[in-house]
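Heads up, the thing below is written out as structure tokens.
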Amino acid sequence: MKFLKFLLVGIFFGIVLVKSEAVSWYRIFEMFKFQSFHMYGIIGSAVGLGILFLWLFKKLKVKSVEGKEIFLPPKDRGFVRYMLGGTIFGLGWALAGACPGPMYILLGTGVFSMLIVITAAILGTFTYGVIKSKLPH
Amino acid sequence: MEFLLQPWPWYTSGPLIALVMLLLVYFGKTFGMSSNLRTLCAIGGGGKYADFFNFDWKAYRWNLVVVLGAIIGGFIAVTFLSDGSNIALSPDTISDLTALGFDNVGATLLPQEIYSWDNVLSFKGISILVIAGFLVGFGTRYAGGCTSGHAITGLSNLQLPSLIAVIGFFIGGLIMTHFLLP
């Protein structure tokens with residue numbers, strides 16, 4: 001039963017991303033062409049509220065359901081991995097029109113050819129794991 | 001009910017995505033969808049090939065449950081919460097894509113030109129999906145996160161690495177959309 005809340009959050013996430021059209025290849029293309037405010041509005045309002053509420057969580061010392069203080073693990077310092085990895089990710093994002101979350105969600109909408117993209121993404125992550133030590137970070 | 005069935009505007013969707021992130025933080029976890037790709041590698045025995053996959057993946061089962069939910073959510077949204085309306089894309093986007101040879105732009109979530117089986121089962125078609133997926137999977141782990149982990153969570157937490165990664169996302173996306181896709 002401890003997994004039930006995660007299942008419900010996942011279902012909610014899937015519905016929101018379909019109804020917002022953020023899972024649409026066309027919306028991603030439109031975003032990278034700067035032809036609509038839609039995606040910027042979604043990401044911008046999510047981040048704006050995210051900043052506000054994470055700040056409030058910390059300010060009010062809100063405890064998680066596990067009774068611990070809210071803590072988000074900081075990312076390691078660095079530049080090359082974020083810039084280079086981010087760029088590689090961006091190339092794939094714009095081509096597939098889907099990032100990891102939407103890949104699963106689109107599978108649920110009945111696009112089974114997405115399984116090929118997901119399999120290739122797993123292979124990509126696997127390849128990174130294997131050659132990690134040879135890459136600049 | 002009517003407003004539920006229509007596409008949701010950005011000012012509803014964005015705050016609801018923030019809610020997803022905040023709920024996961026409140027549950028003592030974080031919002032990061034691409035981590036599941038690493039978990040799946042570990043489950044599949046990737047630890048034999050790289051230490052990167054030697055970790056206690058059972059501790060991340062909750063995230064796979066989020067993925068399962070997301071798949072179900074996608075099904076629910078198109079089956080019960082859709083009025084079948086076209087995506088209200090900007091007219092410029094539609095004319096740009098039509099010029100590139102796309103038909104029925106915005107009639108479905110994804111273009112048939114890329115995702116229909118007819119196209120997928122050609123050498124070019126399958127190459128596009130495999131290359132795209134590989135770049136996403138490789139890039140997201142190299143960068144340490146994807147749209148959910150960096151753009152939503154990382155920026156909300158005012159983390160500089162996430163800002164660098166998001167700038168990278170856009171450099172890659174702009175190169176693909178403006179130079180490679182045509």
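Residues are named by chain letter and number: chains run A, B, ... in the order of the structure tokens, numbers start at 1 in each chain, and ligands are numbered from 1 in the order shown.
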Using only C-alpha atoms, determine which residues of chain A fall within 6 Å of chain B; present them as a PDB file with C-alpha atoms, in the first residue's frame.
ATOM      1  CA  PHE A   6       3.173   6.938  -6.047  1.00  0.00           C
ATOM      2  CA  LEU A   7       0.824   5.177  -8.446  1.00  0.00           C
ATOM      3  CA  GLY A  10       2.006   8.933 -11.630  1.00  0.00           C
ATOM      4  CA  ILE A  11      -1.554   8.714 -12.986  1.00  0.00           C
ATOM      5  CA  PHE A  13       1.212  13.285 -13.904  1.00  0.00           C
ATOM      6  CA  GLY A  14       0.262  11.290 -17.016  1.00  0.00           C
ATOM      7  CA  ILE A  15      -3.121  12.978 -17.303  1.00  0.00           C
ATOM      8  CA  LYS A  19      -4.064  17.381 -21.344  1.00  0.00           C
ATOM      9  CA  SER A  20      -1.429  20.130 -21.400  1.00  0.00           C
ATOM     10  CA  SER A  24       3.131  16.402 -28.157  1.00  0.00           C
ATOM     11  CA  TRP A  25       5.999  16.341 -30.639  1.00  0.00           C
ATOM     12  CA  GLU A  30       6.773  24.911 -31.742  1.00  0.00           C
ATOM     13  CA  PHE A  32      12.086  25.389 -30.196  1.00  0.00           C
ATOM     14  CA  HIS A  38       2.369  27.609 -24.443  1.00  0.00           C
ATOM     15  CA  GLY A  41       4.046  29.223 -19.843  1.00  0.00           C
ATOM     16  CA  ILE A  42       3.878  25.634 -18.576  1.00  0.00           C
ATOM     17  CA  ILE A  43       7.550  25.368 -17.609  1.00  0.00           C
ATOM     18  CA  SER A  45       4.665  28.708 -14.096  1.00  0.00           C
ATOM     19  CA  ALA A  46       5.777  25.284 -12.816  1.00  0.00           C
ATOM     20  CA  VAL A  47       9.234  26.618 -11.940  1.00  0.00           C
ATOM     21  CA  GLY A  50       8.216  25.409  -7.484  1.00  0.00           C
ATOM     22  CA  ILE A  51      10.647  28.086  -6.295  1.00  0.00           C
ATOM     23  CA  SER A  64       7.999  14.879   4.700  1.00  0.00           C
ATOM     24  CA  VAL A  65       5.573  12.009   5.325  1.00  0.00           C
ATOM     25  CA  ARG A  81      28.870  17.288 -18.169  1.00  0.00           C
ATOM     26  CA  TYR A  82      25.853  19.574 -17.812  1.00  0.00           C
ATOM     27  CA  MET A  83      26.525  21.543 -20.975  1.00  0.00           C
ATOM     28  CA  GLY A  85      25.108  16.092 -21.690  1.00  0.00           C
ATOM     29  CA  GLY A  86      22.370  18.700 -21.850  1.00  0.00           C
ATOM     30  CA  THR A  87      23.095  19.412 -25.515  1.00  0.00           C
ATOM     31  CA  ILE A  88      23.060  15.708 -26.418  1.00  0.00           C
ATOM     32  CA  PHE A  89      19.782  15.353 -24.537  1.00  0.00           C
ATOM     33  CA  GLY A  90      18.343  18.398 -26.330  1.00  0.00           C
ATOM     34  CA  LEU A  91      19.168  16.936 -29.754  1.00  0.00           C
ATOM     35  CA  GLY A  92      17.268  13.775 -28.871  1.00  0.00           C
ATOM     36  CA  ALA A  94      13.706  17.751 -30.268  1.00  0.00           C
ATOM     37  CA  LEU A  95      13.965  14.754 -32.618  1.00  0.00           C
ATOM     38  CA  ALA A  96      11.790  12.357 -30.616  1.00  0.00           C
ATOM     39  CA  PRO A 100      11.768  10.410 -20.508  1.00  0.00           C
ATOM     40  CA  GLY A 101       8.462  11.203 -18.728  1.00  0.00           C
ATOM     41  CA  TYR A 104       6.141   6.358 -20.881  1.00  0.00           C
ATOM     42  CA  ILE A 105       2.984   8.448 -20.976  1.00  0.00           C
ATOM     43  CA  GLY A 108      -0.015   4.616 -22.422  1.00  0.00           C
ATOM     44  CA  THR A 109      -1.831   6.677 -25.051  1.00  0.00           C
ATOM     45  CA  VAL A 117      12.535   4.964 -28.399  1.00  0.00           C
ATOM     46  CA  ALA A 120      17.091   2.953 -27.370  1.00  0.00           C
ATOM     47  CA  ALA A 121      17.045   5.326 -24.379  1.00  0.00           C
ATOM     48  CA  ILE A 122      17.837   2.446 -22.027  1.00  0.00           C
ATOM     49  CA  GLY A 124      21.894   5.082 -24.320  1.00  0.00           C
ATOM     50  CA  THR A 125      21.926   5.159 -20.528  1.00  0.00           C
ATOM     51  CA  TYR A 128      26.903   6.108 -20.679  1.00  0.00           C
ATOM     52  CA  GLY A 129      27.372   3.830 -17.672  1.00  0.00           C
ATOM     53  CA  VAL A 130      29.961   1.767 -19.508  1.00  0.00           C
TER      54      VAL A 130
END
Quiz item: Mind pulling up the distance from atom CA of A:Ala98 to atom CA of A:Val23?
Solution: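 For atom CA of A:Val23 relative to atom CA of A:Ala98, the distance reads 6.3 Å.
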Quiz prompt | Every residue of stretch 13-64 of chain B that DSSP places in helix (DSSP H, G or I), as number ranges by chain | solution = B: 13-26, 35-43, 46-48, 51-53, 57-64
Quiz item: Interatomic distance between atom CA of A:Leu135 and atom CA of A:Phe79?
Solution: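 Taking atom CA of A:Leu135 as the start and atom CA of A:Phe79 as the end point, the length is 12.8 Å.
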Exercise. Rank B:Asp83, B:Asn104, B:Thr98, B:Phe123 by their smallest atom-to-atom distance to B:Glu2, using only C-alpha atoms, and report the top residue only.
Key: B:Asp83
Quiz item: Please, what distance in Å, to one decimal, runs between atom CA of A:Pro102 and atom CA of A:Arg27?
Solution: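 Calculated distance between atom CA of A:Pro102 and atom CA of A:Arg27 is 12.3 Å.
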